[in-house]
>>> print(open('protein.pdb').read())   # PDB, C-alpha atoms
ATOM      1  CA  MET A   1     -45.100 107.948  -9.569
ATOM      2  CA  ALA A   2     -41.529 106.798 -10.018
ATOM      3  CA  ILE A   3     -39.361 108.699 -12.408
ATOM      4  CA  ALA A   4     -37.152 106.568 -14.572
ATOM      5  CA  ALA A   5     -33.553 107.432 -14.927
ATOM      6  CA  PRO A   6     -32.471 108.976 -18.194
ATOM      7  CA  GLY A   7     -31.679 106.328 -20.800
ATOM      8  CA  SER A   8     -33.403 103.506 -18.890
ATOM      9  CA  ALA A   9     -36.670 101.645 -19.739
ATOM     10  CA  PRO A  10     -39.833 102.302 -17.835
ATOM     11  CA  ALA A  11     -40.494 100.142 -14.769
ATOM     12  CA  ASP A  12     -43.581  98.500 -16.245
ATOM     13  CA  ALA A  13     -41.982  97.770 -19.619
ATOM     14  CA  PRO A  14     -41.290  94.081 -20.498
ATOM     15  CA  ALA A  15     -37.738  92.909 -19.933
ATOM     16  CA  VAL A  16     -35.576  92.671 -23.020
ATOM     17  CA  LEU A  17     -33.081  89.810 -23.136
ATOM     18  CA  SER A  18     -29.632  90.331 -24.270
ATOM     19  CA  ALA A  19     -28.260  88.559 -27.348
ATOM     20  CA  PRO A  20     -26.295  85.891 -25.369
ATOM     21  CA  ALA A  21     -29.355  85.097 -23.245
ATOM     22  CA  ARG A  22     -31.571  84.718 -26.294
ATOM     23  CA  ALA A  23     -29.039  82.353 -27.887
ATOM     24  CA  GLY A  24     -28.866  80.199 -24.723
ATOM     25  CA  ARG A  25     -32.629  79.905 -24.492
ATOM     26  CA  LEU A  26     -32.815  78.950 -28.178
ATOM     27  CA  ARG A  27     -30.230  76.182 -27.714
ATOM     28  CA  GLY A  28     -32.072  74.889 -24.650
ATOM     29  CA  SER A  29     -35.353  74.655 -26.569
ATOM     30  CA  ARG A  30     -33.622  72.769 -29.372
ATOM     31  CA  ARG A  31     -32.086  70.290 -26.923
ATOM     32  CA  ALA A  32     -35.481  69.723 -25.329
ATOM     33  CA  ALA A  33     -37.043  69.041 -28.710
ATOM     34  CA  GLY A  34     -34.231  66.632 -29.614
ATOM     35  CA  GLY A  35     -34.505  64.855 -26.262
ATOM     36  CA  SER A  36     -38.215  64.282 -26.678
ATOM     37  CA  GLY A  37     -37.608  62.785 -30.145
ATOM     38  CA  GLU A  38     -34.930  60.415 -28.817
ATOM     39  CA  GLY A  39     -37.230  59.411 -25.962
ATOM     40  CA  ALA A  40     -40.026  58.591 -28.396
ATOM     41  CA  ARG A  41     -37.665  56.477 -30.480
ATOM     42  CA  GLY A  42     -36.441  54.656 -27.340
ATOM     43  CA  THR A  43     -39.989  53.951 -26.227
ATOM     44  CA  ALA A  44     -40.870  52.618 -29.670
ATOM     45  CA  GLY A  45     -37.791  50.374 -29.609
ATOM     46  CA  ARG A  46     -38.681  48.960 -26.194
ATOM     47  CA  THR A  47     -42.258  48.358 -27.312
ATOM     48  CA  LEU A  48     -41.052  46.490 -30.412
ATOM     49  CA  LEU A  49     -38.673  44.404 -28.298
ATOM     50  CA  GLN A  50     -41.485  43.497 -25.909
ATOM     51  CA  LYS A  51     -43.640  42.400 -28.808
ATOM     52  CA  LEU A  52     -40.872  40.275 -30.326
ATOM     53  CA  THR A  53     -39.685  38.660 -27.063
ATOM     54  CA  PRO A  54     -42.390  35.912 -27.006
ATOM     55  CA  TRP A  55     -41.597  35.086 -30.626
ATOM     56  CA  PHE A  56     -37.901  34.688 -29.763
ATOM     57  CA  PHE A  57     -38.761  32.076 -27.104
ATOM     58  CA  LEU A  58     -41.233  30.397 -29.453
ATOM     59  CA  ALA A  59     -38.712  30.284 -32.298
ATOM     60  CA  GLY A  60     -36.378  28.023 -30.300
ATOM     61  CA  ALA A  61     -39.082  25.480 -29.504
ATOM     62  CA  VAL A  62     -40.487  25.520 -33.034
ATOM     63  CA  GLY A  63     -36.992  25.197 -34.479
ATOM     64  CA  LEU A  64     -36.241  22.119 -32.394
ATOM     65  CA  LEU A  65     -39.641  20.652 -33.320
ATOM     66  CA  LEU A  66     -39.009  21.170 -37.021
ATOM     67  CA  LEU A  67     -35.446  19.844 -36.795
ATOM     68  CA  PHE A  68     -36.049  16.709 -34.747
ATOM     69  CA  THR A  69     -39.666  15.821 -35.604
ATOM     70  CA  TYR A  70     -41.001  17.152 -38.879
ATOM     71  CA  TRP A  71     -37.783  16.995 -40.880
ATOM     72  CA  PRO A  72     -37.149  13.313 -39.957
ATOM     73  CA  ALA A  73     -40.821  12.618 -40.758
ATOM     74  CA  LEU A  74     -40.397  14.108 -44.216
ATOM     75  CA  ASN A  75     -37.274  12.012 -44.718
ATOM     76  CA  LEU A  76     -39.259   8.982 -43.598
ATOM     77  CA  PHE A  77     -41.836   9.572 -46.330
ATOM     78  CA  TYR A  78     -39.035  10.026 -48.850
ATOM     79  CA  TYR A  79     -37.219   6.836 -47.817
ATOM     80  CA  SER A  80     -40.479   4.849 -47.970
ATOM     81  CA  VAL A  81     -40.671   5.248 -51.758
ATOM     82  CA  THR A  82     -37.057   4.204 -52.341
ATOM     83  CA  ASP A  83     -35.051   0.980 -52.045
ATOM     84  CA  TRP A  84     -32.392   2.495 -49.794
ATOM     85  CA  ASP A  85     -30.422   0.004 -47.729
ATOM     86  CA  GLY A  86     -29.169   2.523 -45.176
ATOM     87  CA  ILE A  87     -25.563   2.472 -46.444
ATOM     88  CA  ASP A  88     -25.502   3.137 -50.176
ATOM     89  CA  LEU A  89     -25.501   6.786 -51.219
ATOM     90  CA  THR A  90     -27.859   6.123 -54.111
ATOM     91  CA  LYS A  91     -31.580   5.774 -53.506
ATOM     92  CA  ASN A  92     -33.644   4.354 -56.354
ATOM     93  CA  PHE A  93     -37.280   5.439 -56.577
ATOM     94  CA  VAL A  94     -39.662   2.462 -56.392
ATOM     95  CA  GLY A  95     -42.993   4.215 -55.852
ATOM     96  CA  LEU A  96     -45.601   2.278 -53.881
ATOM     97  CA  GLU A  97     -43.772  -1.024 -54.116
ATOM     98  CA  ASN A  98     -42.775  -0.974 -50.442
ATOM     99  CA  TYR A  99     -46.336  -0.227 -49.318
ATOM    100  CA  ILE A 100     -47.691  -3.073 -51.446
ATOM    101  CA  GLN A 101     -45.178  -5.430 -49.883
ATOM    102  CA  VAL A 102     -46.232  -4.361 -46.377
ATOM    103  CA  PHE A 103     -49.815  -5.478 -46.995
ATOM    104  CA  THR A 104     -49.038  -8.556 -49.096
ATOM    105  CA  ASP A 105     -46.058 -10.113 -47.323
ATOM    106  CA  PRO A 106     -47.355 -12.457 -44.582
ATOM    107  CA  ARG A 107     -44.062 -12.098 -42.733
ATOM    108  CA  ILE A 108     -44.723  -8.387 -42.290
ATOM    109  CA  PHE A 109     -48.480  -8.027 -42.098
ATOM    110  CA  GLY A 110     -48.847 -11.097 -39.896
ATOM    111  CA  VAL A 111     -47.234  -9.335 -36.921
ATOM    112  CA  PHE A 112     -50.345  -7.171 -36.631
ATOM    113  CA  TRP A 113     -52.078 -10.183 -35.082
ATOM    114  CA  VAL A 114     -49.588 -10.048 -32.212
ATOM    115  CA  SER A 115     -50.888  -6.567 -31.410
ATOM    116  CA  LEU A 116     -54.311  -8.074 -30.683
ATOM    117  CA  TYR A 117     -52.933  -9.676 -27.518
ATOM    118  CA  TYR A 118     -51.798  -6.298 -26.217
ATOM    119  CA  PHE A 119     -55.044  -4.692 -27.379
ATOM    120  CA  VAL A 120     -57.087  -7.140 -25.313
ATOM    121  CA  ALA A 121     -54.689  -6.679 -22.406
ATOM    122  CA  SER A 122     -55.145  -2.900 -22.593
ATOM    123  CA  PHE A 123     -58.873  -3.297 -21.937
ATOM    124  CA  VAL A 124     -58.066  -5.529 -18.979
ATOM    125  CA  GLN A 125     -55.757  -2.914 -17.516
ATOM    126  CA  MET A 126     -58.348  -0.171 -18.137
ATOM    127  CA  ALA A 127     -60.973  -2.214 -16.285
ATOM    128  CA  ILE A 128     -58.622  -2.856 -13.354
ATOM    129  CA  ALA A 129     -57.582   0.800 -13.233
ATOM    130  CA  LEU A 130     -61.177   2.030 -13.372
ATOM    131  CA  TYR A 131     -62.214  -0.381 -10.631
ATOM    132  CA  PHE A 132     -59.518   0.730  -8.193
ATOM    133  CA  ALA A 133     -59.907   4.404  -9.141
ATOM    134  CA  ALA A 134     -63.622   4.266  -8.343
ATOM    135  CA  ILE A 135     -62.956   2.576  -4.988
ATOM    136  CA  LEU A 136     -60.030   4.747  -3.893
ATOM    137  CA  SER A 137     -61.736   7.971  -4.914
ATOM    138  CA  PHE A 138     -63.983   7.566  -1.853
ATOM    139  CA  SER A 139     -62.862   7.553   1.741
ATOM    140  CA  THR A 140     -60.917   4.308   2.143
ATOM    141  CA  ARG A 141     -58.412   3.185   4.737
ATOM    142  CA  PHE A 142     -54.802   3.255   3.530
ATOM    143  CA  SER A 143     -55.956   4.799   0.239
ATOM    144  CA  ASN A 144     -52.678   6.684  -0.249
ATOM    145  CA  LEU A 145     -50.711   3.458   0.244
ATOM    146  CA  PHE A 146     -52.783   1.610  -2.339
ATOM    147  CA  ARG A 147     -52.485   4.514  -4.771
ATOM    148  CA  GLY A 148     -48.718   4.401  -4.501
ATOM    149  CA  ILE A 149     -48.640   0.633  -4.950
ATOM    150  CA  LEU A 150     -50.765   0.833  -8.096
ATOM    151  CA  PHE A 151     -48.807   3.684  -9.662
ATOM    152  CA  PHE A 152     -45.316   2.461  -8.731
ATOM    153  CA  PRO A 153     -44.875  -0.040 -11.630
ATOM    154  CA  TYR A 154     -45.338   2.749 -14.172
ATOM    155  CA  LEU A 155     -42.337   4.589 -12.696
ATOM    156  CA  ILE A 156     -39.993   1.664 -13.344
ATOM    157  CA  ASN A 157     -37.959   1.669 -16.531
ATOM    158  CA  GLY A 158     -39.253  -0.674 -19.227
ATOM    159  CA  VAL A 159     -35.897  -2.445 -19.511
ATOM    160  CA  ALA A 160     -35.888  -3.163 -15.777
ATOM    161  CA  VAL A 161     -39.452  -4.463 -15.988
ATOM    162  CA  GLY A 162     -38.424  -6.769 -18.824
ATOM    163  CA  PHE A 163     -35.527  -8.253 -16.839
ATOM    164  CA  VAL A 164     -37.638  -8.682 -13.698
ATOM    165  CA  PHE A 165     -40.352 -10.608 -15.529
ATOM    166  CA  LEU A 166     -37.748 -12.514 -17.503
ATOM    167  CA  TYR A 167     -36.608 -14.118 -14.238
ATOM    168  CA  LEU A 168     -40.234 -14.500 -13.182
ATOM    169  CA  PHE A 169     -41.217 -16.505 -16.287
ATOM    170  CA  GLN A 170     -38.042 -18.510 -16.836
ATOM    171  CA  PRO A 171     -38.185 -22.291 -16.219
ATOM    172  CA  GLY A 172     -37.790 -22.934 -12.517
ATOM    173  CA  GLY A 173     -38.197 -19.238 -11.821
ATOM    174  CA  THR A 174     -40.315 -17.378  -9.324
ATOM    175  CA  LEU A 175     -43.662 -18.139 -10.952
ATOM    176  CA  ASP A 176     -42.950 -21.850 -11.276
ATOM    177  CA  THR A 177     -41.819 -21.962  -7.647
ATOM    178  CA  VAL A 178     -45.023 -20.318  -6.432
ATOM    179  CA  LEU A 179     -47.161 -22.639  -8.580
ATOM    180  CA  SER A 180     -45.336 -25.667  -7.151
ATOM    181  CA  TRP A 181     -46.608 -24.680  -3.705
ATOM    182  CA  PHE A 182     -50.121 -25.264  -5.027
ATOM    183  CA  GLY A 183     -49.344 -28.640  -6.560
ATOM    184  CA  VAL A 184     -48.517 -27.585 -10.152
ATOM    185  CA  ALA A 185     -45.650 -29.930 -10.942
ATOM    186  CA  ASP A 186     -45.364 -29.339 -14.701
ATOM    187  CA  PRO A 187     -45.918 -25.661 -15.498
ATOM    188  CA  PRO A 188     -45.860 -24.542 -19.135
ATOM    189  CA  GLN A 189     -43.018 -22.774 -20.874
ATOM    190  CA  TRP A 190     -44.188 -19.222 -20.339
ATOM    191  CA  LEU A 191     -41.785 -17.702 -22.880
ATOM    192  CA  GLY A 192     -40.902 -20.776 -24.916
ATOM    193  CA  ASN A 193     -44.375 -21.882 -25.972
ATOM    194  CA  PRO A 194     -45.668 -19.863 -28.982
ATOM    195  CA  ASP A 195     -49.246 -20.356 -27.756
ATOM    196  CA  ILE A 196     -48.534 -18.786 -24.366
ATOM    197  CA  VAL A 197     -45.657 -16.355 -24.880
ATOM    198  CA  ASN A 198     -47.790 -13.455 -26.117
ATOM    199  CA  TRP A 199     -50.202 -13.816 -23.214
ATOM    200  CA  SER A 200     -47.262 -13.734 -20.811
ATOM    201  CA  LEU A 201     -45.860 -10.604 -22.425
ATOM    202  CA  ALA A 202     -49.292  -8.943 -22.537
ATOM    203  CA  GLY A 203     -49.729  -9.691 -18.843
ATOM    204  CA  THR A 204     -46.448  -7.948 -18.163
ATOM    205  CA  SER A 205     -47.729  -4.865 -19.982
ATOM    206  CA  VAL A 206     -50.903  -4.941 -17.886
ATOM    207  CA  TRP A 207     -48.832  -4.889 -14.700
ATOM    208  CA  ARG A 208     -46.709  -2.017 -15.947
ATOM    209  CA  TYR A 209     -49.304   0.346 -17.471
ATOM    210  CA  THR A 210     -52.276  -0.088 -15.140
ATOM    211  CA  GLY A 211     -50.887   2.694 -12.957
ATOM    212  CA  LEU A 212     -51.064   5.240 -15.778
ATOM    213  CA  ASN A 213     -54.744   4.590 -16.455
ATOM    214  CA  PHE A 214     -55.399   4.509 -12.724
ATOM    215  CA  VAL A 215     -54.003   8.027 -12.240
ATOM    216  CA  LEU A 216     -55.956   9.365 -15.226
ATOM    217  CA  PHE A 217     -59.218   7.878 -13.993
ATOM    218  CA  LEU A 218     -58.622   8.899 -10.387
ATOM    219  CA  GLY A 219     -57.955  12.526 -11.319
ATOM    220  CA  ALA A 220     -61.061  12.643 -13.483
ATOM    221  CA  ILE A 221     -63.254  11.118 -10.774
ATOM    222  CA  GLN A 222     -61.975  13.512  -8.114
ATOM    223  CA  SER A 223     -62.846  16.471 -10.348
ATOM    224  CA  ILE A 224     -66.559  15.578 -10.119
ATOM    225  CA  PRO A 225     -68.370  17.833  -7.589
ATOM    226  CA  HIS A 226     -68.899  16.084  -4.269
ATOM    227  CA  GLU A 227     -72.385  17.541  -3.979
ATOM    228  CA  LEU A 228     -73.579  15.114  -6.644
ATOM    229  CA  TYR A 229     -72.652  12.140  -4.461
ATOM    230  CA  GLU A 230     -74.446  13.695  -1.508
ATOM    231  CA  ALA A 231     -77.579  14.214  -3.602
ATOM    232  CA  ALA A 232     -77.366  10.623  -4.842
ATOM    233  CA  ASP A 233     -77.080   9.369  -1.248
ATOM    234  CA  LEU A 234     -80.179  11.325  -0.323
ATOM    235  CA  ASP A 235     -82.029   9.749  -3.251
ATOM    236  CA  GLY A 236     -81.001   6.287  -2.049
ATOM    237  CA  ALA A 237     -78.594   5.443  -4.895
ATOM    238  CA  ASN A 238     -76.000   2.801  -4.122
ATOM    239  CA  ARG A 239     -72.367   2.872  -5.259
ATOM    240  CA  TRP A 240     -73.073   0.937  -8.447
ATOM    241  CA  GLN A 241     -75.843   3.322  -9.450
ATOM    242  CA  GLN A 242     -73.630   6.301  -8.640
ATOM    243  CA  PHE A 243     -70.939   4.862 -10.878
ATOM    244  CA  TRP A 244     -73.185   4.607 -13.952
ATOM    245  CA  ALA A 245     -75.090   7.853 -13.323
ATOM    246  CA  ILE A 246     -72.277  10.127 -12.107
ATOM    247  CA  ILE A 247     -68.786   8.694 -12.484
ATOM    248  CA  PHE A 248     -68.974   7.145 -15.938
ATOM    249  CA  PRO A 249     -70.513  10.212 -17.677
ATOM    250  CA  GLY A 250     -68.057  12.460 -15.866
ATOM    251  CA  ILE A 251     -64.947  10.611 -17.071
ATOM    252  CA  ARG A 252     -66.145   9.797 -20.576
ATOM    253  CA  ARG A 253     -63.473  11.997 -22.131
ATOM    254  CA  ILE A 254     -60.697  10.290 -20.190
ATOM    255  CA  ILE A 255     -62.015   6.878 -21.213
ATOM    256  CA  GLY A 256     -61.899   7.974 -24.848
ATOM    257  CA  LEU A 257     -58.321   9.192 -24.367
ATOM    258  CA  SER A 258     -57.357   5.890 -22.766
ATOM    259  CA  PHE A 259     -58.915   4.061 -25.709
ATOM    260  CA  ILE A 260     -56.677   5.958 -28.145
ATOM    261  CA  LEU A 261     -53.634   5.292 -25.979
ATOM    262  CA  ALA A 262     -54.567   1.610 -25.816
ATOM    263  CA  ILE A 263     -54.671   1.249 -29.600
ATOM    264  CA  ALA A 264     -51.500   3.256 -30.169
ATOM    265  CA  GLY A 265     -49.721   1.373 -27.396
ATOM    266  CA  SER A 266     -50.780  -2.065 -28.613
ATOM    267  CA  LEU A 267     -49.420  -1.285 -32.080
ATOM    268  CA  SER A 268     -46.140   0.202 -30.850
ATOM    269  CA  VAL A 269     -45.125  -2.251 -28.116
ATOM    270  CA  PHE A 270     -41.366  -2.660 -28.094
ATOM    271  CA  GLU A 271     -39.446  -2.718 -24.808
ATOM    272  CA  VAL A 272     -40.962  -5.673 -22.972
ATOM    273  CA  PRO A 273     -41.015  -8.234 -25.827
ATOM    274  CA  PHE A 274     -37.641  -7.085 -27.147
ATOM    275  CA  ILE A 275     -35.938  -7.546 -23.766
ATOM    276  CA  MET A 276     -37.695 -10.768 -22.799
ATOM    277  CA  THR A 277     -37.806 -12.707 -26.083
ATOM    278  CA  GLY A 278     -36.209 -10.550 -28.785
ATOM    279  CA  GLY A 279     -39.202 -11.305 -30.984
ATOM    280  CA  ALA A 280     -38.665 -15.087 -30.915
ATOM    281  CA  ASN A 281     -41.399 -17.741 -30.808
ATOM    282  CA  GLY A 282     -43.855 -15.569 -32.678
ATOM    283  CA  SER A 283     -43.678 -12.667 -30.231
ATOM    284  CA  ALA A 284     -42.300 -10.056 -32.653
ATOM    285  CA  THR A 285     -44.391  -6.900 -32.625
ATOM    286  CA  PHE A 286     -44.722  -4.496 -35.530
ATOM    287  CA  VAL A 287     -42.046  -2.193 -34.115
ATOM    288  CA  ILE A 288     -39.612  -5.070 -33.579
ATOM    289  CA  GLN A 289     -40.278  -6.274 -37.121
ATOM    290  CA  THR A 290     -39.654  -2.755 -38.417
ATOM    291  CA  LEU A 291     -36.303  -2.489 -36.632
ATOM    292  CA  GLN A 292     -35.229  -5.916 -37.814
ATOM    293  CA  THR A 293     -36.169  -5.009 -41.383
ATOM    294  CA  ALA A 294     -34.150  -1.805 -41.215
ATOM    295  CA  PHE A 295     -31.012  -2.870 -39.350
ATOM    296  CA  SER A 296     -30.839  -6.662 -39.721
ATOM    297  CA  PHE A 297     -32.044  -7.052 -43.318
ATOM    298  CA  ARG A 298     -30.814  -3.614 -44.516
ATOM    299  CA  GLN A 299     -34.161  -2.645 -46.040
ATOM    300  CA  VAL A 300     -34.544   0.895 -44.764
ATOM    301  CA  GLY A 301     -36.990   1.835 -47.508
ATOM    302  CA  LEU A 302     -39.334  -1.010 -46.611
ATOM    303  CA  ALA A 303     -38.982  -0.282 -42.888
ATOM    304  CA  SER A 304     -39.831   3.368 -43.525
ATOM    305  CA  ALA A 305     -42.993   2.284 -45.345
ATOM    306  CA  MET A 306     -43.912   0.122 -42.348
ATOM    307  CA  ALA A 307     -43.468   3.096 -40.033
ATOM    308  CA  VAL A 308     -45.661   5.269 -42.267
ATOM    309  CA  VAL A 309     -48.365   2.592 -42.288
ATOM    310  CA  LEU A 310     -48.270   2.432 -38.489
ATOM    311  CA  LEU A 311     -48.613   6.204 -38.283
ATOM    312  CA  ALA A 312     -51.533   6.168 -40.717
ATOM    313  CA  ILE A 313     -53.340   3.471 -38.707
ATOM    314  CA  VAL A 314     -53.013   5.447 -35.478
ATOM    315  CA  LEU A 315     -54.290   8.624 -37.155
ATOM    316  CA  ILE A 316     -57.252   6.809 -38.717
ATOM    317  CA  VAL A 317     -58.202   5.244 -35.402
ATOM    318  CA  THR A 318     -57.951   8.648 -33.718
ATOM    319  CA  VAL A 319     -60.266  10.226 -36.286
ATOM    320  CA  ILE A 320     -62.789   7.395 -35.943
ATOM    321  CA  GLN A 321     -62.704   7.682 -32.162
ATOM    322  CA  ARG A 322     -63.359  11.422 -32.300
ATOM    323  CA  LYS A 323     -66.310  10.828 -34.614
ATOM    324  CA  VAL A 324     -67.809   8.070 -32.479
ATOM    325  CA  PHE A 325     -66.992   9.743 -29.137
ATOM    326  CA  PRO A 326     -66.935  13.486 -29.809
ATOM    327  CA  ASP A 327     -65.534  15.850 -27.227
ATOM    328  CA  GLU A 328     -68.822  16.742 -25.638
ATOM    329  CA  LYS A 329     -68.754  18.985 -22.639
ATOM    330  CA  VAL A 330     -70.263  17.089 -19.767
ATOM    331  CA  ASP A 331     -72.251  19.316 -17.405
ATOM    332  CA  LEU A 332     -73.150  17.305 -14.328
ATOM    333  CA  THR A 333     -74.424  20.315 -12.412
TER     334      THR A 333
END
>>> encode(input="protein.pdb", output="structure tokens")
Amino acid sequence: MAIAAPGSAPADAPAVLSAPARAGRLRGSRRAAGGSGEGARGTAGRTLLQKLTPWFFLAGAVGLLLLFTYWPALNLFYYSVTDWDGIDLTKNFVGLENYIQVFTDPRIFGVFWVSLYYFVASFVQMAIALYFAAILSFSTRFSNLFRGILFFPYLINGVAVGFVFLYLFQPGGTLDTVLSWFGVADPPQWLGNPDIVNWSLAGTSVWRYTGLNFVLFLGAIQSIPHELYEAADLDGANRWQQFWAIIFPGIRRIIGLSFILAIAGSLSVFEVPFIMTGGANGSATFVIQTLQTAFSFRQVGLASAMAVVLLAIVLIVTVIQRKVFPDEKVDLT
């Protein structure tokens, strides 16, 4: 048994800290508590920043959309009920007078008949695109070459297409020269005859936009499982039967989309007829008529009403199409 020195604590007694040591330990515990609180606040701040970061990126896109799309659209509706000429600072409210004039003035409403040429041409280009997409979706020699040839016209600028076909259709141009090789000595005025000009312009649109429909149809056809074609071959189905039993049901959605694009495109044709004829000889489309009304005749209010009517027609057609051809999920498996 150890004997403690006089005035000292026993060996097994707990150690007693001095006053400076106790003060240092107390300050250390306070710093630890403060550090944990600051760390919690920093973590909460980083979490909040992570939650807000997607909204910061979204705010830029939504802001640009509101500034350059929805705000001009609201101004368009406002201008359509005024008689603004595009220059004067005053805008007199006229109500539905501009809309009534759109549907009653033969000069304005008559241009809708021009859109029928492009509407018929859009079905021609859809048929051509579907035909080549169905053929080139199978194993065909030089299929990549033919795909590029069909899609290439869509990559060309509309202004360039207009100038190319302007030289093609002009008197004594390329088309007349080719026809003379086959004995056609007196070809018609392709762009000068009011009975032919719209067919010529619609044919130009067919050449330009067939590639777009071709790519849409080709992608949809290639997404169909190949096992279905193998099963059809085993059952003895020919290519025509495979088209109606497999391909057509599988691309029904894309056909409906192309139908909407055909109607919207036929109503909003602008580049080709504007470059080639400028709207002369009865070839003015609704968009050309709208621009002439706004900038040539200084009737911005009436032109705005025409634009609103065009938008309403496209929306109505879209709703009807979705009712007639609903987005049904096609399960071919």
>>> atom_distance(input="protein.pdb", atom1="CA of Leu291 (chain A)", atom2="CA of Asp105 (chain A)")
16.4 Å
>>> atom_distance(input="protein.pdb", atom1="CA of Ser80 (chain A)", atom2="CA of Gln299 (chain A)")
10.0 Å
>>> atom_distance(input="protein.pdb", atom1="CA of Phe259 (chain A)", atom2="CA of Ile128 (chain A)")
14.2 Å
>>> resolve_selection(input="protein.pdb", expression="the PyMOL selection byres ((chain A and resi 161-177) around 8)", output="MDAnalysis selection string")
chainID A and resid 156:160 178:181 187 189:191 204 208 271:273 275:276
>>> residues_around(input="protein.pdb", residues="Met126 (chain A)", least_positions_apart="5", cutoff="9 Å", atoms="only C-alpha atoms", output="ChimeraX atom specification")
/A:121,131,206,210,213-214,255,258-259,262
>>> closest_residue(input="protein.pdb", among="A:Val300, A:Leu48, A:Ala280, A:Val120", to="Ser205 (chain A)", atoms="all atoms listed in the file")
A:Val120
>>> residues_around(input="protein.pdb", residues="Leu136 (chain A)", least_positions_apart="3", cutoff="10 Å", atoms="only C-alpha atoms", output="ChimeraX atom specification")
/A:130-133,139-144,146-147,214,218,221-222
>>> write_last_selection(input="protein.pdb", atoms="C-alpha atoms", output="PDB file, keeping the file's coordinate frame")
ATOM      1  CA  LEU A 130     -61.177   2.030 -13.372  1.00  0.00           C
ATOM      2  CA  TYR A 131     -62.214  -0.381 -10.631  1.00  0.00           C
ATOM      3  CA  PHE A 132     -59.518   0.730  -8.193  1.00  0.00           C
ATOM      4  CA  ALA A 133     -59.907   4.404  -9.141  1.00  0.00           C
ATOM      5  CA  SER A 139     -62.862   7.553   1.741  1.00  0.00           C
ATOM      6  CA  THR A 140     -60.917   4.308   2.143  1.00  0.00           C
ATOM      7  CA  ARG A 141     -58.412   3.185   4.737  1.00  0.00           C
ATOM      8  CA  PHE A 142     -54.802   3.255   3.530  1.00  0.00           C
ATOM      9  CA  SER A 143     -55.956   4.799   0.239  1.00  0.00           C
ATOM     10  CA  ASN A 144     -52.678   6.684  -0.249  1.00  0.00           C
ATOM     11  CA  PHE A 146     -52.783   1.610  -2.339  1.00  0.00           C
ATOM     12  CA  ARG A 147     -52.485   4.514  -4.771  1.00  0.00           C
ATOM     13  CA  PHE A 214     -55.399   4.509 -12.724  1.00  0.00           C
ATOM     14  CA  LEU A 218     -58.622   8.899 -10.387  1.00  0.00           C
ATOM     15  CA  ILE A 221     -63.254  11.118 -10.774  1.00  0.00           C
ATOM     16  CA  GLN A 222     -61.975  13.512  -8.114  1.00  0.00           C
TER      17      GLN A 222
END
>>> residues_around(input="protein.pdb", residues="Phe270 (chain A)", least_positions_apart="6", cutoff="12 Å", atoms="only C-alpha atoms", output="ChimeraX atom specification")
/A:114-115,118,158-159,162,201-202,205,264,276-279,283-292
>>> residues_around(input="protein.pdb", residues="Leu228 (chain A)", least_positions_apart="4", cutoff="12 Å", atoms="all atoms listed in the file", output="PDB file with C-alpha atoms, in the frame of the given file")
ATOM      1  CA  ILE A 221     -63.254  11.118 -10.774  1.00  0.00           C
ATOM      2  CA  GLN A 222     -61.975  13.512  -8.114  1.00  0.00           C
ATOM      3  CA  SER A 223     -62.846  16.471 -10.348  1.00  0.00           C
ATOM      4  CA  ILE A 224     -66.559  15.578 -10.119  1.00  0.00           C
ATOM      5  CA  ALA A 232     -77.366  10.623  -4.842  1.00  0.00           C
ATOM      6  CA  ASP A 233     -77.080   9.369  -1.248  1.00  0.00           C
ATOM      7  CA  LEU A 234     -80.179  11.325  -0.323  1.00  0.00           C
ATOM      8  CA  ASP A 235     -82.029   9.749  -3.251  1.00  0.00           C
ATOM      9  CA  ALA A 237     -78.594   5.443  -4.895  1.00  0.00           C
ATOM     10  CA  GLN A 242     -73.630   6.301  -8.640  1.00  0.00           C
ATOM     11  CA  PHE A 243     -70.939   4.862 -10.878  1.00  0.00           C
ATOM     12  CA  ALA A 245     -75.090   7.853 -13.323  1.00  0.00           C
ATOM     13  CA  ILE A 246     -72.277  10.127 -12.107  1.00  0.00           C
ATOM     14  CA  ILE A 247     -68.786   8.694 -12.484  1.00  0.00           C
ATOM     15  CA  GLY A 250     -68.057  12.460 -15.866  1.00  0.00           C
ATOM     16  CA  ASP A 331     -72.251  19.316 -17.405  1.00  0.00           C
ATOM     17  CA  LEU A 332     -73.150  17.305 -14.328  1.00  0.00           C
ATOM     18  CA  THR A 333     -74.424  20.315 -12.412  1.00  0.00           C
TER      19      THR A 333
END
>>> residues_near_point(input="protein.pdb", point="(-55.1, -1.1, -26.8)", cutoff="6 Å", atoms="all atoms listed in the file", output="PyMOL selection string")
chain A and resi 119+122+262-263+265-266
>>> write_last_selection(input="protein.pdb", atoms="C-alpha atoms", output="JSON list (two decimals), keeping the file's coordinate frame")
[["chain", "number", "residue", "atom", "x", "y", "z"],
["A", 119, "PHE", "CA", -55.04, -4.69, -27.38],
["A", 122, "SER", "CA", -55.14, -2.90, -22.59],
["A", 262, "ALA", "CA", -54.57, 1.61, -25.82],
["A", 263, "ILE", "CA", -54.67, 1.25, -29.60],
["A", 265, "GLY", "CA", -49.72, 1.37, -27.40],
["A", 266, "SER", "CA", -50.78, -2.06, -28.61]]
>>> residues_around(input="protein.pdb", residues="region 152-155 of chain A", least_positions_apart="6", cutoff="7 Å", atoms="all atoms listed in the file", output="ChimeraX atom specification")
/A:207-209,211-212
>>> resolve_selection(input="protein.pdb", expression="the PyMOL selection byres ((chain A and resi 308) around 9)", output="PyMOL selection string")
chain A and resi 73+76-77+80+99+303-307+309-313
>>> closest_residue(input="protein.pdb", among="A:Leu66, A:Val319, A:Leu302, A:Leu52", to="Tyr79 (chain A)", atoms="all atoms listed in the file")
A:Leu302
>>> closest_residue(input="protein.pdb", among="A:Gly256, A:Gly301, A:Pro225, A:Gly203", to="Val124 (chain A)", atoms="all atoms listed in the file")
A:Gly203
